[in-house]
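Structure file run.cif (mmCIF, C-alpha atoms) follows.
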```
data_target
#
loop_
_atom_site.label_atom_id
_atom_site.label_comp_id
_atom_site.auth_asym_id
_atom_site.auth_seq_id
_atom_site.Cartn_x
_atom_site.Cartn_y
_atom_site.Cartn_z
CA MET E 186 3.31 8.20 23.38
CA LYS E 187 2.67 11.88 22.87
CA GLU E 188 1.36 13.20 19.60
CA THR E 189 4.02 14.66 17.33
CA PRO E 190 3.33 18.40 17.01
CA LEU E 191 3.25 20.14 13.66
CA SER E 192 6.14 22.36 12.75
CA ASN E 193 5.64 26.06 12.10
CA CYS E 194 6.27 25.55 8.40
CA GLU E 195 3.58 22.87 8.15
CA ARG E 196 1.13 25.00 10.10
CA ARG E 197 1.71 28.05 7.91
CA PHE E 198 1.46 25.92 4.77
CA LEU E 199 -1.90 24.44 5.81
CA LEU E 200 -3.36 27.81 6.77
CA ARG E 201 -2.13 29.41 3.55
CA ALA E 202 -3.72 26.60 1.50
CA ILE E 203 -7.02 27.00 3.36
CA GLU E 204 -6.98 30.74 2.68
CA GLU E 205 -6.60 29.96 -1.03
CA LYS E 206 -9.51 27.45 -0.76
CA LYS E 207 -7.27 24.47 -1.39
CA ARG E 208 -6.92 21.20 0.54
CA LEU E 209 -4.10 18.71 0.66
CA ASP E 210 -6.20 15.81 -0.65
CA GLY E 211 -7.61 17.82 -3.57
CA ARG E 212 -11.13 18.25 -2.19
CA GLN E 213 -13.20 21.38 -2.36
CA THR E 214 -14.35 23.28 0.72
CA TYR E 215 -17.66 21.42 1.17
CA ASP E 216 -16.62 18.00 -0.14
CA TYR E 217 -16.79 14.81 1.92
CA ARG E 218 -14.25 12.05 1.64
CA ASN E 219 -15.26 8.76 0.03
CA ILE E 220 -17.43 6.58 2.28
CA LYS E 221 -17.24 2.80 2.04
CA ILE E 222 -19.53 0.47 4.00
CA SER E 223 -18.92 -3.28 4.30
CA PHE E 224 -20.72 -5.90 6.37
CA GLY E 225 -19.52 -8.99 8.20
CA THR E 226 -20.97 -12.47 8.16
CA ASP E 227 -22.99 -11.87 11.34
CA TYR E 228 -25.84 -9.43 11.64
CA GLY E 229 -24.91 -6.13 13.26
CA CYS E 230 -21.22 -6.19 12.28
CA CYS E 231 -19.93 -3.59 9.84
CA THR E 232 -16.97 -1.37 9.02
CA VAL E 233 -17.18 2.21 7.78
CA GLU E 234 -14.29 3.90 6.00
CA LEU E 235 -14.35 7.69 5.77
CA GLY E 236 -11.27 8.32 3.70
CA LYS E 237 -8.52 6.68 5.76
CA THR E 238 -10.50 6.88 9.01
CA ARG E 239 -11.89 3.42 9.72
CA VAL E 240 -14.38 2.35 12.41
CA LEU E 241 -15.65 -1.14 13.26
CA GLY E 242 -19.18 -1.43 14.67
CA GLN E 243 -20.63 -4.46 16.48
CA VAL E 244 -24.11 -4.76 18.02
CA SER E 245 -25.03 -7.38 20.63
CA CYS E 246 -28.11 -8.00 22.77
CA GLU E 247 -29.19 -9.81 25.94
CA LEU E 248 -32.25 -10.13 28.17
CA VAL E 249 -31.94 -8.09 31.40
CA SER E 250 -34.15 -6.51 34.00
CA PRO E 251 -35.40 -3.02 33.11
CA LYS E 252 -34.73 0.21 34.96
CA LEU E 253 -37.11 1.00 37.80
CA ASN E 254 -38.29 4.31 36.34
CA ARG E 255 -38.63 2.83 32.79
CA ALA E 256 -40.18 -0.59 33.29
CA THR E 257 -41.50 -0.91 29.73
CA GLU E 258 -38.48 0.34 27.79
CA GLY E 259 -35.36 -1.42 26.61
CA ILE E 260 -31.82 -0.25 27.28
CA LEU E 261 -29.38 1.24 24.79
CA PHE E 262 -25.66 1.35 25.54
CA PHE E 263 -22.93 2.90 23.39
CA ASN E 264 -19.20 2.44 23.83
CA LEU E 265 -16.42 3.89 21.69
CA GLU E 266 -12.81 2.71 22.09
CA LEU E 267 -9.68 4.44 20.84
CA SER E 268 -6.86 1.92 20.55
CA GLN E 269 -3.18 2.48 19.89
CA MET E 270 -3.61 0.65 16.62
CA ALA E 271 -5.50 3.68 15.30
CA ALA E 272 -2.91 6.25 16.43
CA PRO E 273 0.11 6.05 18.76
CA ALA E 274 -1.10 9.07 20.72
CA PHE E 275 -4.06 7.12 22.18
CA GLU E 276 -3.23 5.60 25.57
CA PRO E 277 -4.78 2.21 26.42
CA GLY E 278 -6.77 1.77 29.60
CA ARG E 279 -7.31 5.46 30.12
CA GLN E 280 -10.31 7.60 29.20
CA SER E 281 -9.05 10.79 27.66
CA ASP E 282 -11.06 13.97 27.33
CA LEU E 283 -11.56 13.29 23.65
CA LEU E 284 -13.02 9.84 24.35
CA VAL E 285 -15.45 11.15 26.97
CA LYS E 286 -16.61 13.92 24.63
CA LEU E 287 -17.15 11.49 21.75
CA ASN E 288 -19.14 9.02 23.88
CA ARG E 289 -21.41 11.75 25.22
CA LEU E 290 -22.00 13.12 21.75
CA LEU E 291 -22.92 9.67 20.43
CA GLU E 292 -25.41 9.11 23.24
CA ARG E 293 -27.06 12.47 22.61
CA CYS E 294 -27.17 11.82 18.89
CA LEU E 295 -28.60 8.28 18.97
CA ARG E 296 -30.27 7.71 22.32
CA ASN E 297 -31.73 11.13 23.13
CA SER E 298 -33.01 11.61 19.58
CA LYS E 299 -35.30 8.54 20.04
CA CYS E 300 -34.17 7.07 16.74
CA ILE E 301 -34.88 3.54 18.08
CA ASP E 302 -38.22 2.49 19.53
CA THR E 303 -37.15 1.33 22.97
CA GLU E 304 -40.66 0.20 23.93
CA SER E 305 -40.51 -2.49 21.24
CA LEU E 306 -37.55 -3.98 23.16
CA CYS E 307 -39.78 -4.86 26.14
CA VAL E 308 -40.54 -8.59 26.56
CA VAL E 309 -42.25 -8.68 29.97
CA ALA E 310 -43.02 -5.32 31.57
CA GLY E 311 -40.95 -4.81 34.69
CA GLU E 312 -39.17 -8.17 34.32
CA LYS E 313 -37.46 -8.77 30.97
CA VAL E 314 -36.31 -6.29 28.34
CA TRP E 315 -33.67 -6.33 25.63
CA GLN E 316 -30.42 -4.51 26.26
CA ILE E 317 -28.81 -3.40 22.99
CA ARG E 318 -25.08 -2.73 23.21
CA VAL E 319 -23.20 -0.93 20.41
CA ASP E 320 -19.40 -1.29 20.52
CA LEU E 321 -17.35 0.93 18.22
CA HIS E 322 -13.63 0.42 17.68
CA LEU E 323 -11.48 2.98 15.91
CA LEU E 324 -9.14 1.03 13.63
CA ASN E 325 -7.39 3.94 11.93
CA HIS E 326 -7.42 7.65 12.74
CA ASP E 327 -7.20 10.24 9.98
CA GLY E 328 -9.54 12.89 11.36
CA ASN E 329 -13.31 13.35 11.91
CA ILE E 330 -13.87 10.41 14.25
CA ILE E 331 -17.38 11.46 15.29
CA ASP E 332 -18.80 11.39 11.76
CA ALA E 333 -17.39 7.94 11.01
CA ALA E 334 -18.51 6.61 14.42
CA SER E 335 -22.08 7.91 14.04
CA ILE E 336 -22.38 6.36 10.57
CA ALA E 337 -20.98 3.03 11.83
CA ALA E 338 -23.36 3.00 14.82
CA ILE E 339 -26.54 3.66 12.82
CA VAL E 340 -25.51 1.22 10.07
CA ALA E 341 -24.82 -1.53 12.62
CA LEU E 342 -28.19 -0.91 14.31
CA CYS E 343 -30.06 -1.05 10.99
CA HIS E 344 -28.25 -4.25 10.02
CA PHE E 345 -28.74 -5.99 13.40
CA ARG E 346 -31.31 -8.75 13.98
CA ARG E 347 -32.28 -9.89 17.46
CA PRO E 348 -33.55 -13.42 18.27
CA ASP E 349 -37.30 -13.94 18.39
CA VAL E 350 -39.00 -14.66 21.73
CA SER E 351 -42.39 -15.92 22.87
CA VAL E 352 -44.09 -15.52 26.25
CA GLN E 353 -46.46 -18.13 27.70
CA GLY E 354 -47.49 -17.21 31.19
CA ASP E 355 -44.35 -16.60 33.15
CA GLU E 356 -42.15 -18.55 30.76
CA VAL E 357 -40.04 -16.71 28.19
CA THR E 358 -38.82 -18.86 25.29
CA LEU E 359 -35.84 -17.68 23.26
CA TYR E 360 -35.56 -19.12 19.75
CA THR E 361 -32.34 -19.65 17.83
CA LEU E 362 -31.71 -18.42 14.30
CA GLU E 363 -32.43 -21.90 12.89
CA GLU E 364 -35.79 -22.18 14.61
CA ARG E 365 -37.14 -18.74 13.73
CA ASP E 366 -35.99 -15.84 11.64
CA PRO E 367 -34.41 -13.02 13.66
CA VAL E 368 -36.29 -9.76 14.13
CA PRO E 369 -34.87 -6.38 13.05
CA LEU E 370 -34.95 -3.36 15.34
CA SER E 371 -37.63 -0.70 14.98
CA ILE E 372 -35.80 2.42 13.78
CA HIS E 373 -37.71 5.68 13.28
CA HIS E 374 -34.98 7.76 11.62
CA MET E 375 -31.23 7.78 11.06
CA PRO E 376 -29.38 10.71 12.68
CA ILE E 377 -25.91 11.38 11.22
CA CYS E 378 -23.26 13.80 12.49
CA VAL E 379 -21.63 16.33 10.16
CA SER E 380 -18.52 18.21 11.35
CA PHE E 381 -17.45 21.72 10.33
CA ALA E 382 -13.99 23.11 11.08
CA PHE E 383 -13.41 26.86 11.43
CA PHE E 384 -10.13 28.69 10.84
CA GLN E 385 -8.93 32.24 11.47
CA GLN E 386 -11.62 32.84 14.11
CA GLY E 387 -14.50 31.68 11.90
CA THR E 388 -13.35 33.35 8.67
CA TYR E 389 -12.84 30.08 6.77
CA LEU E 390 -14.97 26.93 6.90
CA LEU E 391 -14.24 23.31 5.93
CA VAL E 392 -16.45 20.22 5.90
CA ASP E 393 -15.10 16.83 7.08
CA PRO E 394 -11.64 17.94 8.30
CA ASN E 395 -8.83 15.41 8.20
CA GLU E 396 -6.25 14.83 10.93
CA ARG E 397 -3.85 17.61 9.91
CA GLU E 398 -6.62 20.12 9.42
CA GLU E 399 -7.93 19.33 12.91
CA ARG E 400 -4.58 20.27 14.40
CA VAL E 401 -4.63 23.80 13.02
CA MET E 402 -8.35 24.56 13.35
CA ASP E 403 -9.67 27.14 15.82
CA GLY E 404 -13.07 25.59 16.46
CA LEU E 405 -15.37 22.68 15.58
CA LEU E 406 -19.14 22.61 15.03
CA VAL E 407 -20.95 19.23 14.97
CA ILE E 408 -24.56 19.04 13.77
CA ALA E 409 -26.53 15.77 14.02
CA MET E 410 -29.44 15.71 11.58
CA ASN E 411 -31.67 13.21 9.77
CA LYS E 412 -32.86 13.24 6.17
CA HIS E 413 -36.03 15.09 7.20
CA ARG E 414 -33.81 18.09 8.14
CA GLU E 415 -34.56 17.65 11.84
CA ILE E 416 -31.64 18.66 14.04
CA CYS E 417 -31.05 16.00 16.69
CA THR E 418 -28.13 17.65 18.48
CA ILE E 419 -25.62 20.43 17.94
CA GLN E 420 -22.30 21.03 19.67
CA SER E 421 -19.65 23.73 19.33
CA SER E 422 -16.13 23.40 20.73
CA GLY E 423 -12.96 25.43 20.57
CA GLY E 424 -14.16 28.66 22.18
CA ILE E 425 -14.91 30.63 19.01
CA MET E 426 -17.89 32.94 18.58
CA LEU E 427 -20.13 31.97 15.66
CA LEU E 428 -22.70 34.21 14.07
CA LYS E 429 -26.29 33.18 13.43
CA ASP E 430 -25.76 33.24 9.66
CA GLN E 431 -22.80 30.89 9.95
CA VAL E 432 -24.82 28.33 11.93
CA LEU E 433 -27.70 28.52 9.45
CA ARG E 434 -25.35 28.04 6.52
CA CYS E 435 -23.80 25.00 8.23
CA SER E 436 -27.25 23.52 8.89
CA LYS E 437 -28.18 23.83 5.21
CA ILE E 438 -24.95 22.13 4.16
CA ALA E 439 -25.52 19.40 6.76
CA GLY E 440 -29.00 18.72 5.37
CA VAL E 441 -27.57 18.06 1.90
CA LYS E 442 -24.76 15.83 3.19
CA VAL E 443 -27.06 13.81 5.46
CA ALA E 444 -29.45 13.10 2.58
CA GLU E 445 -26.57 11.79 0.45
CA ILE E 446 -25.16 9.63 3.25
CA THR E 447 -28.59 8.21 4.13
CA GLU E 448 -29.16 7.18 0.53
CA LEU E 449 -25.74 5.49 0.48
CA ILE E 450 -26.56 3.58 3.70
CA GLN E 451 -29.89 2.37 2.35
CA LYS E 452 -28.29 1.14 -0.86
CA ALA E 453 -25.59 -0.75 1.08
CA LEU E 454 -28.19 -2.42 3.32
CA ALA E 455 -30.36 -3.38 0.34
CA ASN E 456 -27.39 -4.90 -1.52
CA ASP E 457 -26.34 -6.96 1.51
CA GLN E 458 -29.89 -8.21 2.07
CA LYS E 459 -30.17 -9.18 -1.60
CA VAL E 460 -26.91 -11.14 -1.52
CA ARG E 461 -27.95 -13.02 1.64
CA LYS E 462 -31.33 -13.98 0.14
CA GLU E 463 -29.77 -15.21 -3.10
CA GLY E 464 -27.24 -17.29 -1.18
CA GLY E 465 -24.21 -15.45 -2.52
CA LYS E 466 -20.91 -14.81 -0.79
CA PHE E 467 -20.84 -12.06 1.82
CA GLY E 468 -18.63 -10.84 4.62
CA PHE E 469 -15.48 -8.80 5.10
CA ALA E 470 -13.38 -11.25 3.07
CA GLU E 471 -15.53 -10.72 -0.02
CA SER E 472 -15.41 -6.96 0.32
CA ILE E 473 -11.59 -6.85 0.18
CA ALA E 474 -10.98 -9.66 -2.34
CA ASN E 475 -10.45 -7.29 -5.27
CA GLN E 476 -7.81 -5.33 -3.39
CA ARG E 477 -5.36 -8.22 -3.02
CA ILE E 478 -2.26 -8.26 -5.20
CA THR E 479 -2.62 -11.97 -5.95
CA ALA E 480 -6.23 -11.72 -7.12
CA PHE E 481 -6.75 -13.07 -10.63
CA ARG E 482 -10.10 -11.42 -11.20
CA MET E 483 -10.12 -8.33 -13.37
CA GLU E 484 -12.90 -5.88 -13.92
CA LYS E 485 -14.06 -5.97 -17.54
CA ALA E 486 -14.42 -2.67 -19.33
CA PRO E 487 -16.32 -2.29 -22.62
CA ILE E 488 -14.12 -1.42 -25.60
CA ASP E 489 -15.45 0.27 -28.73
CA THR E 490 -13.84 -1.41 -31.75
CA SER E 491 -15.77 0.48 -34.42
CA ASP E 492 -13.86 2.69 -36.86
CA VAL E 493 -10.56 1.15 -35.81
CA GLU E 494 -9.05 1.29 -39.32
CA GLU E 495 -9.95 4.95 -39.83
CA LYS E 496 -8.46 5.90 -36.46
CA ALA E 497 -5.30 3.94 -37.22
CA GLU E 498 -4.89 5.72 -40.58
CA GLU E 499 -5.34 9.09 -38.91
CA ILE E 500 -2.72 8.25 -36.29
CA ILE E 501 -0.26 7.08 -38.97
CA SER E 502 -0.81 10.17 -41.11
CA GLU E 503 -0.32 12.52 -38.18
CA ALA E 504 2.75 10.71 -36.87
CA GLU E 505 6.21 12.00 -37.73
CA PRO E 506 8.32 9.93 -40.19
CA PRO E 507 11.19 7.94 -38.68
CA SER E 508 14.66 9.45 -38.75
CA GLU E 509 17.10 8.23 -41.46
CA VAL E 510 20.07 8.06 -39.15
CA VAL E 511 20.09 4.86 -37.18
CA SER E 512 22.27 4.70 -34.11
CA LYS E 513 24.93 1.99 -34.12
CA PRO E 514 24.72 -0.57 -31.32
CA VAL E 515 28.29 -0.01 -30.10
CA LEU E 516 29.16 0.15 -26.43
CA TRP E 517 32.48 1.86 -25.84
CA THR E 518 32.63 0.98 -22.18
CA PRO E 519 35.64 -1.25 -21.39
CA GLY E 520 34.75 -4.83 -20.63
CA THR E 521 31.72 -4.91 -22.95
CA ALA E 522 31.14 -6.28 -26.43
CA GLN E 523 31.19 -4.16 -29.58
CA ILE E 524 28.65 -5.24 -32.15
CA GLY E 525 28.88 -4.76 -35.91
CA GLU E 526 32.33 -3.03 -36.05
CA GLY E 527 34.51 -5.96 -37.14
CA ILE E 528 37.31 -5.17 -34.71
CA GLU E 529 39.14 -7.20 -32.12
CA ASN E 530 37.40 -8.85 -29.24
CA SER E 531 36.97 -6.58 -26.25
CA TRP E 532 35.48 -8.95 -23.71
CA GLY E 533 37.81 -8.00 -20.88
CA ASP E 534 41.16 -9.58 -19.93
CA LEU E 535 42.04 -13.21 -20.25
CA GLU E 536 42.25 -15.45 -17.24
CA ASP E 537 45.54 -16.58 -15.72
CA SER E 538 45.21 -20.16 -16.97
CA GLU E 539 44.67 -18.97 -20.55
CA LYS E 540 47.71 -16.67 -20.30
CA GLU E 541 49.94 -19.58 -19.17
CA ASP E 542 48.78 -21.74 -22.09
CA GLU E 543 49.46 -19.01 -24.64
CA GLY E 544 52.84 -18.18 -23.06
CA GLY E 545 53.96 -21.82 -23.17
CA SER E 546 53.07 -22.24 -26.86
CA ASP E 547 54.90 -19.02 -27.80
CA GLU E 548 58.07 -20.20 -26.06
CA ALA E 549 57.95 -23.52 -27.88
CA ILE E 550 57.61 -21.78 -31.27
CA ILE E 551 60.55 -19.44 -30.51
CA LEU E 552 62.73 -22.39 -29.51
CA ASP E 553 62.07 -24.27 -32.76
CA SER E 554 62.85 -21.21 -34.89
CA ILE E 555 66.11 -20.64 -33.03
CA LYS E 556 67.19 -24.25 -33.57
CA MET E 557 66.49 -24.16 -37.31
CA ASP E 558 68.10 -20.78 -38.07
CA THR E 559 71.14 -20.73 -35.79
CA GLY E 560 72.17 -24.32 -35.42
CA GLU E 561 75.83 -23.50 -35.02
CA VAL E 562 75.34 -20.97 -32.32
CA SER E 563 73.20 -23.32 -30.30
CA ASN E 564 75.80 -26.09 -30.57
CA ILE E 565 78.63 -23.84 -29.37
CA GLY E 566 76.56 -22.55 -26.59
CA SER E 567 75.75 -26.08 -25.54
CA GLN E 568 79.45 -26.91 -25.24
CA ASP E 569 80.62 -23.84 -23.32
CA ALA E 570 77.62 -22.87 -21.15
CA PRO E 571 75.17 -25.16 -19.47
CA ILE E 572 71.53 -24.91 -20.44
CA VAL E 573 69.26 -23.79 -17.62
CA LEU E 574 65.82 -25.30 -17.74
CA SER E 575 62.77 -23.23 -16.79
CA ASP E 576 60.71 -23.97 -13.73
CA SER E 577 57.77 -25.09 -15.84
CA GLU E 578 57.04 -28.80 -16.09
CA GLU E 579 57.76 -30.86 -19.17
CA GLU E 580 55.14 -30.56 -21.82
CA GLU E 581 53.94 -33.25 -24.17
CA MET E 582 53.26 -32.18 -27.75
CA ILE E 583 51.33 -34.47 -30.12
CA ILE E 584 51.81 -33.84 -33.86
CA LEU E 585 49.03 -35.26 -36.00
CA GLU E 586 49.93 -36.12 -39.61
CA PRO E 587 47.49 -37.60 -42.12
CA ASP E 588 49.49 -40.75 -43.10
CA LYS E 589 51.61 -41.38 -40.03
CA ASN E 590 50.90 -42.45 -36.53
CA PRO E 591 51.00 -39.75 -33.90
CA LYS E 592 54.32 -39.43 -32.12
CA LYS E 593 54.93 -38.03 -28.73
CA ILE E 594 57.75 -35.54 -28.56
CA ARG E 595 58.97 -34.16 -25.28
CA THR E 596 60.38 -30.66 -25.47
CA GLN E 597 62.09 -28.64 -22.86
CA THR E 598 61.05 -25.02 -22.82
CA ILE E 599 63.99 -22.66 -22.82
CA SER E 600 63.58 -18.94 -22.71
CA ALA E 601 64.89 -16.93 -25.67
CA THR E 602 67.11 -14.79 -23.50
CA GLN E 603 68.86 -17.84 -22.06
CA VAL E 604 69.63 -19.13 -25.58
CA LYS E 605 70.94 -15.85 -26.97
CA ALA E 606 73.05 -14.94 -23.95
CA PRO E 607 75.82 -17.61 -24.27
CA SER E 608 76.11 -17.12 -28.08
CA LYS E 609 77.94 -13.82 -27.69
CA LYS E 610 81.20 -15.22 -26.17
CA PRO E 611 82.27 -17.56 -29.00
CA VAL E 612 81.88 -14.77 -31.54
CA LYS E 613 84.39 -12.65 -29.61
CA LYS E 614 86.90 -15.55 -29.54
CA ARG E 615 86.79 -15.87 -33.34
CA LYS E 616 87.62 -12.19 -33.77
CA LYS E 617 90.61 -12.52 -31.46
CA LYS E 618 91.96 -15.57 -33.35
CA ARG E 619 91.69 -13.73 -36.71
CA ALA E 620 93.57 -10.77 -35.24
CA ALA E 621 96.36 -13.10 -34.05
CA ASN E 622 96.74 -14.65 -37.46
#
```
Can the structure in the file be given as structure tokens, please?
Amino acid sequence: MKETPLSNCERRFLLRAIEEKKRLDGRQTYDYRNIKISFGTDYGCCTVELGKTRVLGQVSCELVSPKLNRATEGILFFNLELSQMAAPAFEPGRQSDLLVKLNRLLERCLRNSKCIDTESLCVVAGEKVWQIRVDLHLLNHDGNIIDAASIAAIVALCHFRRPDVSVQGDEVTLYTLEERDPVPLSIHHMPICVSFAFFQQGTYLLVDPNEREERVMDGLLVIAMNKHREICTIQSSGGIMLLKDQVLRCSKIAGVKVAEITELIQKALANDQKVRKEGGKFGFAESIANQRITAFRMEKAPIDTSDVEEKAEEIISEAEPPSEVVSKPVLWTPGTAQIGEGIENSWGDLEDSEKEDEGGSDEAIILDSIKMDTGEVSNIGSQDAPIVLSDSEEEEMIILEPDKNPKKIRTQTISATQVKAPSKKPVKKRKKKRAAN
């Protein structure tokens, strides 16, 4: 999958921000991103996080035959892998130009600088030596891979312990970790790479560029240095011409950054060694326990409870008095309740079953009133016109009286219109008979 290119608007925005000495993540021009180092349960396994760029380092060893021209020296091997998990643009199973350049730079930084005593890795001259292999895996890519990889490699080498061996004649005995304590590697110094990005043909300079800044940069300068201000290697890429003063300024900045990173590495190694000696919990799982959502542990912070009453009085005195007008909790939206107004219920419409019950009771009341008030009219209507019953079923009404037993009365519901309609004809007949008389 090809890398998604930046649009012209994004490119102009980044360059304009760099010209104003601003960065997207809020850092200053010479600021590094936060570095976090965590160790695994085994020796020589660590992860380094440089901002969002994350690299896993693993060191392994084995007894092999030495090289013919270096019979008394061990072998160092470095391998960096760029997986698709880190970025979709990385293709698996293919060595890109970036990967080749990073591997060569790591070898020059760590192997050619003689940071590890390779002669101490010799077991039997010309026959058996230790081969130390450093595997680096890029887990997430957010810019400045070489700095994170160099830190992960040197941290893994400092943390690694090889098995102890003994030689008796021609026999080489290899002891396990339970039989003898493992032996650390002999490390002379710790070289660390520091990257500088140049923009506008060297006019602007940034330390530790992220992934977006790397896309718009014109050139890159990498300086590998130890805390003694000894330059181990230097590499410039991008085809820009740098002045002598620019390189000297970058070397001074690199010396300060390397000293800070070296101190951080030493503190992380000392803390891990202390935890292992005390028998505490260690490993990757312990380093990420506080970041889980379901963790119940909370970091305690000291709280100063002195002068609480005085502060509370000051806050009350400075606060504004409450308003006299209190809003009424009335919701005028249809279908909702109105509180405190004393008006009719407004809880929406009644259901169909409730409507039928209320309709039936109203019809029964109307029928009784018609029978009591207009008895004559109902009798005449019953003789001349037939009574049409409604479609509703017969209803049973139970009248409860205090001193009498309840009686069941069956009533037939008749609509008011059907009762009034036939009562008009007999009235007309009476008028005609009076006129005849």
Legend entry - Closest of E:Arg461, E:Arg397, E:His326, E:Arg347 to Val244 (chain E) - atom-to-atom distances counting all atoms listed in the file: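 Distance minimum relative to Val244 (chain E) lands on E:Arg347.
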What's the 7 Å shell around Lys313 (chain E), counting all atoms listed in the file, without same-chain residues fewer than 4 positions away, as a JSON list (two decimals) with C-alpha atoms, in the coordinates of the input?
```json
[["chain", "number", "residue", "atom", "x", "y", "z"],
["E", 248, "LEU", "CA", -32.25, -10.13, 28.17],
["E", 249, "VAL", "CA", -31.94, -8.09, 31.40],
["E", 250, "SER", "CA", -34.15, -6.51, 34.00],
["E", 251, "PRO", "CA", -35.40, -3.02, 33.11],
["E", 307, "CYS", "CA", -39.78, -4.86, 26.14],
["E", 308, "VAL", "CA", -40.54, -8.59, 26.56],
["E", 309, "VAL", "CA", -42.25, -8.68, 29.97]]
```
Mind running region 395-511 of chain E against region 203-224 of chain E at 9 Å and telling me each contacting residue's nearest atom pair with the distance in Å (one decimal), counting all atoms listed in the file, chain and number ascending, as a tab-separated table?
```
residue	atom	partner	partner_atom	distance
E:Glu398	CA	E:Arg208	CA	9.0
E:Ile438	CA	E:Tyr215	CA	7.9
E:Lys442	CA	E:Tyr217	CA	8.1
E:Ile446	CA	E:Ile220	CA	8.4
E:Leu449	CA	E:Ile220	CA	8.6
E:Ile450	CA	E:Ile222	CA	7.7
E:Ala453	CA	E:Ile222	CA	6.8
E:Leu454	CA	E:Phe224	CA	8.8
E:Asp457	CA	E:Phe224	CA	7.5
E:Phe467	CA	E:Phe224	CA	7.7
E:Gly468	CA	E:Phe224	CA	5.6
E:Phe469	CA	E:Phe224	CA	6.1
E:Ser472	CA	E:Ser223	CA	6.5
```
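Distances here use all atoms listed in the file; by that measure, the residue among E:His344, E:Thr226, E:Ser298, E:Ser192 closest to Ala455 (chain E) is E:His344.
For the choices E:Asn254, E:Thr447, E:Ser245, E:Asn395, the atom-to-atom distance to Ser335 (chain E) is smallest for E:Thr447 when using only C-alpha atoms.
Residue nearest Cys230 (chain E) within the list E:Asp332, E:Glu415, E:Asp320, E:Glu471: E:Asp320 [criterion: smallest interatomic distance, only C-alpha atoms].
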Inset, instruction - Compare E:Pro190, E:Leu200, E:Ile330, E:Ala341 by their minimum atom-to-atom distance to Gly225 (chain E), counting all atoms listed in the file, and give me the closest one. - result: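 Using all atoms listed in the file, Gly225 (chain E) sits closest to E:Ala341.
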